[in-house]
Amino acid sequence: MSQIGIESVESRHSVKDTIDRLVAAAEEAGLHVFARIDHAHNAAQAGFDLRPTEVLIFGNPKVGTPLMLENQLSGIDLPLRALAWEDEAGHVWLSHNTGDWLSKRHSLGPQSADSVAAIGSALARLCASAAQQP
């Protein structure tokens with residue numbers, strides 16, 4: 001599964017369990033969980049039928065704030081987000097933006113390279129952990 005600036009890993013768990021696992025992994029890594037949004041639940045309340053889809057918003061202001069100090073518009077993508085979703089075949093995926101994409105989108109300079117690399121590797125590691133088999 002490939003889309004510019006997005007990495008996706010297949011999960012062996014339901015959407016709910018994948019996000020539960022991501023919450024646990026993020027908190028264990030010392031990250032703050034800001035919000036969890038159940039798009040399918042919200043869609044149902046509006047009369048729509050959406051396959052299971054949840055987003056988790058999480059991060060560390062000590063890492064994200066310097067990026068916003070360089071380019072305040074990067075705040076549109078911060079804190080970080082990961083989306084767990086079920087495709088048409090019933091497979092569950094966990095997707096997130098790549099660090100490189102964030103850097104390019106917001107024209108972040110070399111002074112942010114270490115932070116962007118840390119963000120990208122942390123997102124990949126946390127998502128892989130949350131999606132793995134029990």
# chains A, B, ... in the order shown; residues from 1 in each chain; ligands from 1

$ residues_around --residues "segment 7-12 of chain A" --least-positions-apart "5" --cutoff "10 Å" --atoms "only C-alpha atoms" --output "PyMOL selection string"
chain A and resi 1-2+17-18+82-86+91-98+120+123-124+127-134

$ residues_around --residues "segment 99-107 of chain A" --least-positions-apart "5" --cutoff "9 Å" --atoms "only C-alpha atoms" --output "PyMOL selection string"
chain A and resi 4-6+67+71-74+77+112-113+115-121+123

$ residues_around --residues "Gly75 of chain A" --least-positions-apart "4" --cutoff "12 Å" --atoms "only C-alpha atoms" --output "list of chain:residue names"
A:Gly59, A:Pro61, A:Val63, A:Gly64, A:Thr65, A:Pro66, A:Leu67, A:Met68, A:Leu69, A:Glu70, A:Asn71, A:Pro79, A:Leu80, A:Arg81, A:Leu102, A:Arg105, A:His106

$ closest_residue --among "A:Arg125, A:Arg21, A:Lys16, A:Lys62" --to "His39 of chain A" --atoms "only C-alpha atoms"
A:Lys16

$ select_by_dssp --residues "chain A" --states "helix (DSSP H, G or I)" --output "ChimeraX atom specification"
/A:15-28,39-45,61-70,72-77,99-105,110-131

$ select_by_dssp --residues "chain A" --states "strand (DSSP E)" --output "VMD selection string"
chain A and resid 6 to 11 32 to 38 53 to 59 80 to 86 92 to 97

$ write_last_selection --atoms "C-alpha atoms" --output "PDB file, in the first residue's frame"
ATOM      1  CA  ILE A   6       2.091   7.963   3.896  1.00  0.00           C
ATOM      2  CA  GLU A   7       3.394   4.672   5.257  1.00  0.00           C
ATOM      3  CA  SER A   8       0.962   1.866   6.009  1.00  0.00           C
ATOM      4  CA  VAL A   9       1.524  -1.402   7.809  1.00  0.00           C
ATOM      5  CA  GLU A  10      -1.001  -4.219   7.929  1.00  0.00           C
ATOM      6  CA  SER A  11      -2.265  -5.010  11.410  1.00  0.00           C
ATOM      7  CA  HIS A  32       1.195  12.345  25.289  1.00  0.00           C
ATOM      8  CA  VAL A  33      -2.080  11.076  23.782  1.00  0.00           C
ATOM      9  CA  PHE A  34      -4.159  14.132  22.923  1.00  0.00           C
ATOM     10  CA  ALA A  35      -7.214  12.553  21.285  1.00  0.00           C
ATOM     11  CA  ARG A  36      -8.733   9.427  19.837  1.00  0.00           C
ATOM     12  CA  ILE A  37     -11.388   9.846  17.176  1.00  0.00           C
ATOM     13  CA  ASP A  38     -13.709   7.045  16.069  1.00  0.00           C
ATOM     14  CA  THR A  53     -11.731   3.871  11.100  1.00  0.00           C
ATOM     15  CA  GLU A  54     -10.003   5.516  14.068  1.00  0.00           C
ATOM     16  CA  VAL A  55      -7.332   8.175  14.345  1.00  0.00           C
ATOM     17  CA  LEU A  56      -4.987   8.719  17.273  1.00  0.00           C
ATOM     18  CA  ILE A  57      -3.409  12.128  17.868  1.00  0.00           C
ATOM     19  CA  PHE A  58      -0.275  12.003  19.996  1.00  0.00           C
ATOM     20  CA  GLY A  59       3.165  13.472  20.378  1.00  0.00           C
ATOM     21  CA  LEU A  80       1.305  13.438  15.096  1.00  0.00           C
ATOM     22  CA  ARG A  81      -1.515  11.239  13.840  1.00  0.00           C
ATOM     23  CA  ALA A  82      -1.950   7.605  12.988  1.00  0.00           C
ATOM     24  CA  LEU A  83      -5.017   6.171  11.264  1.00  0.00           C
ATOM     25  CA  ALA A  84      -6.225   2.604  11.753  1.00  0.00           C
ATOM     26  CA  TRP A  85      -8.712   1.562   9.110  1.00  0.00           C
ATOM     27  CA  GLU A  86     -10.319  -1.512   7.605  1.00  0.00           C
ATOM     28  CA  VAL A  92      -6.746  -3.626   8.924  1.00  0.00           C
ATOM     29  CA  TRP A  93      -4.050  -1.047   8.221  1.00  0.00           C
ATOM     30  CA  LEU A  94      -2.217   1.459  10.387  1.00  0.00           C
ATOM     31  CA  SER A  95      -1.082   4.522   8.431  1.00  0.00           C
ATOM     32  CA  HIS A  96       0.931   7.619   9.270  1.00  0.00           C
ATOM     33  CA  ASN A  97       2.711  10.504   7.556  1.00  0.00           C
TER      34      ASN A  97
END

$ closest_residue --among "A:Leu31, A:Arg51, A:Gly109, A:Leu22" --to "Gly90 of chain A" --atoms "only C-alpha atoms"
A:Arg51

$ atom_distance --atom1 "atom CA of Ile19 of chain A" --atom2 "atom CA of Asn42 of chain A"
16.4 Å

$ atom_distance --atom1 "atom CA of Asp20 of chain A" --atom2 "atom CA of Phe48 of chain A"
24.1 Å

$ closest_residue --among "A:Ala29, A:Leu78, A:Leu108, A:Ala40" --to "Ala122 of chain A" --atoms "only C-alpha atoms"
A:Ala29

$ atom_distance --atom1 "atom CA of Gly47 of chain A" --atom2 "atom CA of Glu88 of chain A"
19.5 Å

$ closest_residue --among "A:Ala46, A:Gln111, A:Ile76, A:Asn60" --to "Glu27 of chain A" --atoms "only C-alpha atoms"
A:Asn60
